[in-house]
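Following: one structure in structure tokens, then a few remarks.
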Amino acid sequence: MKVISTNISKKRTINIDGTLVETGIYKQAVEKGVILGSTDVQQDFVVDRRYHGGLDMACYIFGYNNYTYFQTKYPNADWEIGMFGENITLDFLNESTMNIGDLYQIGEATIQISQPRMPCSKLGYRLGDKGAIKYFTDSNFPGMYVRVLKPGLVSSGDIMNLLETKKEKLSILELYRILGAKSKNTDQFDKVISNPWVPEKCKLNLKE
């Protein structure tokens with residue numbers, strides 16, 4: 001997997017159903033690369049740290065190979081790199097084969113997969129359709145949030161290499177489906193709760 005773009009954003013105010021809200025979803029590519037910190041990407045604007053930033057969501061990564069799925073559905077959107085609010089755009093990402101807790105080296109940083117991204121209203125605004133939230137939810141391409149275990153610079157052209165895979169196998173996509181399910185399967189529930197690499201917030205959401 002290769003980094004094809006590193007992205008950060010400035011604060012932007014948008015109008016969602018008559019309400020003005022601030023957002024950092026409008027990411028722009030930066031040629032100099034980005035520095036991954038333990039709780040966020042340096043110089044990136046984060047609005048609500050309940051849903052972005054922090055130890056378990058320090059950086060959001062998305063695969064460019066999955067852009068086509070959404071471009072076909074929303075051809076009139078203002079397409080550009082960073083469209084999904086990702087800090088790092090990889091040339092390829094397969095959420096069905098990558099597992100929660102796995103460790104990777106990317107540039108100078110060491111990261112650990114923590115959880116999938118759950119869509120919000122701002123993504124619907126970005127794609128120009130409220131229905132995009134459900135379309136994203138129904139897709140197999142949520143992207144991934146990561147913990148940053150070793151901070152460092154990540155630049156376009158860097159390769160993301162697997163360092164360690166955990167014995168507890170729970171793919172990004174599998175966790176995404178479990179978290180988004182309307183009814184909870186007991187076996188799936190237990191698989192998430194017992195996994196030491198799943199963020200506590202995700203486990204609490206399952207129990208609600």
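Letters for chains follow the order of the structure tokens (A, B, ...), residue numbers begin at 1 for each chain, and ligand numbers begin at 1 in the order shown.
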>> Which residues are close to region 54-59 of chain A, i.e. within 9 Å by only C-alpha atoms, leaving aside same-chain residues fewer than 5 positions away? Reply as a VMD selection string.
In response: chain A and resid 36 to 41 49 86 to 88 113 to 115 144 to 148 199
>> Just want the 7 Å neighbourhood of region 102-110 of chain A, counted on only C-alpha atoms, with same-chain residues fewer than 2 positions away dropped. Output as number ranges by chain.
In response: A: 36, 99-100, 112-113, 148-155, 158-166
> From the set A:Phe62, A:Asn185, A:Glu22, A:Gly82, which residue has the shortest atom-to-atom contact distance to Ile8 (chain A), counting only C-alpha atoms?
Replying inline: A:Gly82
> Taking into account only C-alpha atoms, which residue in the set A:Lys167, A:Lys2, A:Arg126, A:Arg177 is nearest to Ala77 (chain A)?
Replying inline: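 Among A:Lys167, A:Lys2, A:Arg126, A:Arg177, it is A:Arg126 that comes nearest to Ala77 (chain A).
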>> So that I can see what lies close to Lys184 (chain A), please list as a list in words the residues with an atom at most 12 Å from it, counting only C-alpha atoms and leaving out residues fewer than 4 positions away in the same chain.
In response: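 Using only C-alpha atoms, the neighbours found are Leu175, Arg177, Ile178, Leu179, Gly180, Gln188, Phe189, Asp190, Lys191, Val192, Asn205, Leu206, Lys207 and Glu208 of chain A.
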>> I need the residue nearest Gln28 (chain A) from this list: A:Ile14, A:Val47, A:Ile4, A:Met83. Use only C-alpha atoms for the distance.
In response: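 Counting only C-alpha atoms, the residue closest to Gln28 (chain A) is A:Met83.
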